[in-house]
Amino acid sequence: MFAHLYQNNVLKKPKAIFILLIVALLGFGYFSKNFRLDASSDTLLIEGDPDLKYLREVTERYGAKEFLVLTYTPKEAMISESSMNNLLSLKYKIQSLDWVHSVITLLDIPLLHSTDETLTERLKNFSTLKSEGIDKERGFNEILNSPVFRNFVISEDGKTTGIIVNLKKDEKLKKLKNKKEIENYKDALKKKNHENILQIREIIKTYSGVGKIHLGGIPMIADDMMTFIKSDIIVFGIGVLLFIIATLWFVFRKIVWIIVPISSCFFSVLIMTGLLGLLGWKVTVISSNFIALMLILTMAMNIHMSTRFLQLKKNNPDLKNSKIILMTTSKMFWPIIYTVLTTICAFLSLIFSEIKPIIDFGWMMSLGLITSFIITFTLLPTILNFLSSEKTTIKEQSNSKITKFFGKISIKNKTTIFSVTGLVVVLSIMGISRLEVENSFINYFNKKTEIYKGMKLIDDKLGGTTPLEIILKFPSTQKNITETNDDEFEDWGDEEEQDDRKYWFTKDKIEKIEKVHNYLEELPFIGKVLSFSSIIQVATQLNNNEPLGSLEMGVLYTKIPDNIKKEIVDPYISIEDNEARISLRIKDSEKNLRRNDLINKIQYDLENKLGFKNEEFKLAGVLILFNNLLQSLFKSQILTLGFVMIGIFLMFLILFKNIKLSLIGVVPNFIAAFFILGIIGLLGIPLDMMTITIAAITIGIAVDNSIHYIYRFKEEFGKTYDYENTLKLCHSTVGIAILNTSITIVFGFSILVFSNFIPTIYFGVFTGIAMLLAMISVLTLLPALILITKPFNTKIN
């Protein structure tokens, strides 16, 4: 049925098919202009995470701004006149940029110990390091010893300072309702952000002679990751293409057999790019290797088709090209359709990950495989139909020494094969038992990148990088005005003039905030901790180290100028919501940090050691979101592998209608995939959003070799009914195709080592190794199992 339909609609109408393909190429090529990239922080989060929703509420409530951060380490002492002047000059240049709201530096910090005036006067008329007549050394030491600013604005050794560049808010995006308008505006914002980053980097360059300046912050990371994605797509695509051309020349030694498969690759990739543009699917750092993968997988299909065509041509020299093409497509349709389906099964398993870019990557590659299959079975035979028999003929090549060697081992060294397999299984179990998902965001990047350098310096010198918020929720209470007498704060002004908000500051609340703050500061891996307790410490210092009463704090709160209150008080308390916020940062680059354990310890201790009820506190922040991502990876790995293993085994059952043969077919690939996970575990490399997909994708791609081998073995065995002779024949025919496609895949994946994104490098290296192991397993363990179990009947229908 297939042969008849295919022959009448494809093989007999090559010109019509070619015109249709050209139309498809031009049509989808047009939509490729809508091809988009996305490197926003949302692409690294779990879709629909309730902790993300809560963090956004907290951010809105406490007025967090989007900002860039610069680290400035001058060559001379920080307090020197030249260092201060350079810092001031840098501040003003950045401040002049039209997209910058404000720039906060060491020179803008209020100095409250510089005069003997009353506290309210000092707050209203505070000095800074850039004020006239100020004792700079005294002011600098005040900041250096400040509970608020030490390890935040200035490093503990006084050699590095942070510069906060607050960006202007863009309110337009919130007002947009139409989805297309929102997407277009987001794209415009990304372009604007890229221009902004270029502008500020140009300014930084002009100060390269005065010290080390590194740029950090989420807008910069997002922009650099966009650059990485673009670079990866180009480098991977060109690198894989060049290698494929070299491989095709090595295998076929004829230009026509380079042009034909490369044409399939070109059509598949361009049509798929147009489809992504048409569907509005954006490529993220996770899916940046999709072009390389499509080239590799399309090439694998084409090598199998081309090799079989040439083998049939050699065995049937008198038949016309059209007949050979029909024979090739008839014999290769079912094995290739099943290899496509098993690989799709592997990629579709990624939908269990809960992480949107990984889910999108699964759908993207599934659609890409379908595209490649259609192109392979239309374009390749169409082009071959246009060529004469002489042009498609190649010189007869000798049998591969490698496949011949593997064949001998399979026949004569079964005990060695099974012993090595047993050792591999044991090592895999040991390694998998050591797998963990602990990873740091900073280690996702090459140490030479600006992202890594900036984050590392902030981590080491300025209080850590990964934010964690602890929100304390207080039970409703009546005003408490009995704690202090009026004479304790008579200098603060008439009580009747004060806002009732001052009564919020009760002894119980203050003690709770201080207790949690002090507990957090004692924990390992914790960097800077900021809360209302930090403000109290400053106020106590200013009050001659005499602690303030609750009402004194309340009245002080009402007296503080709004501009100071907005910057140093309001981010840590919300009187309207009866809450306090404690903000801390984790030292992300610490090797022994176990994020999940740290979060669980804080939650346990708050409840069991510090006496808080479960409903009286809540944890939020990027650390929680990142930990949720890491924990979901482990769960999704189990679901993914389970889905792939069951799905592929069922496909084998349908294809071969033999349980024994189905088990034999999947075992070598499952072992290779589990062994690569074992290697990752033994090397102590944590799983991340890329490496988590290796096992499933390896099984999906590697099992293609088993399908081709078993399908061919079954076909040839039906002619001789001799297991050993069939094995030798398969190793000299389909074995060579498996070797060539596997080498192409292995080296194709190795191109990914040129990425700046470390998970992509790991993905390339370990998937390549896994594919090599799977190829060896299919050419040794699989035939050995066939010889031992003899799964075929003496006669095959």
# chains A, B, ... in the order shown; residues from 1 in each chain; ligands from 1
>>> residues_around(residues="A:Lys172", least_positions_apart="2", cutoff="12 Å", atoms="only C-alpha atoms", output="count of residues only")
13
>>> residues_around(residues="A:Leu619", least_positions_apart="2", cutoff="7 Å", atoms="only C-alpha atoms", output="count of residues only")
4
>>> residues_around(residues="A:Leu276", least_positions_apart="5", cutoff="9 Å", atoms="only C-alpha atoms", output="list in words")
Phe31, Ser32, Asn34, Phe35, Arg36, Ile271, Trp281, Lys282, Val283 and Met364 of chain A
>>> write_last_selection(atoms="C-alpha atoms", output="short mmCIF file (atom, residue, chain, number, x, y, z; two decimals), in the first residue's frame")
data_model
loop_
_atom_site.label_atom_id
_atom_site.label_comp_id
_atom_site.auth_asym_id
_atom_site.auth_seq_id
_atom_site.Cartn_x
_atom_site.Cartn_y
_atom_site.Cartn_z
CA PHE A 31 8.25 33.44 8.30
CA SER A 32 11.79 32.82 9.55
CA ASN A 34 9.77 36.17 12.96
CA PHE A 35 12.30 33.80 14.53
CA ARG A 36 12.88 35.08 18.09
CA ILE A 271 11.53 25.20 7.13
CA TRP A 281 8.07 29.73 19.71
CA LYS A 282 11.16 31.44 21.08
CA VAL A 283 14.58 29.83 21.27
CA MET A 364 10.40 21.95 19.10
#
>>> closest_residue(among="A:Thr247, A:Asn321, A:Ser372, A:Asn543", to="A:Leu295", atoms="only C-alpha atoms")
A:Ser372
>>> atom_distance(atom1="atom CA of A:Phe652", atom2="atom CA of A:Ser419")
26.1 Å
>>> closest_residue(among="A:Asn705, A:Thr726, A:Asn756, A:Ser531", to="A:Ile336", atoms="only C-alpha atoms")
A:Asn705
>>> closest_residue(among="A:Ile761, A:Leu167, A:Gly748, A:Leu727", to="A:Met294", atoms="only C-alpha atoms")
A:Gly748
>>> residues_around(residues="A:Asn141", least_positions_apart="4", cutoff="10 Å", atoms="only C-alpha atoms", output="list in words")
Ile79, Lys136, Glu137, Asn145, Ser146, Arg150 and Gly158 of chain A
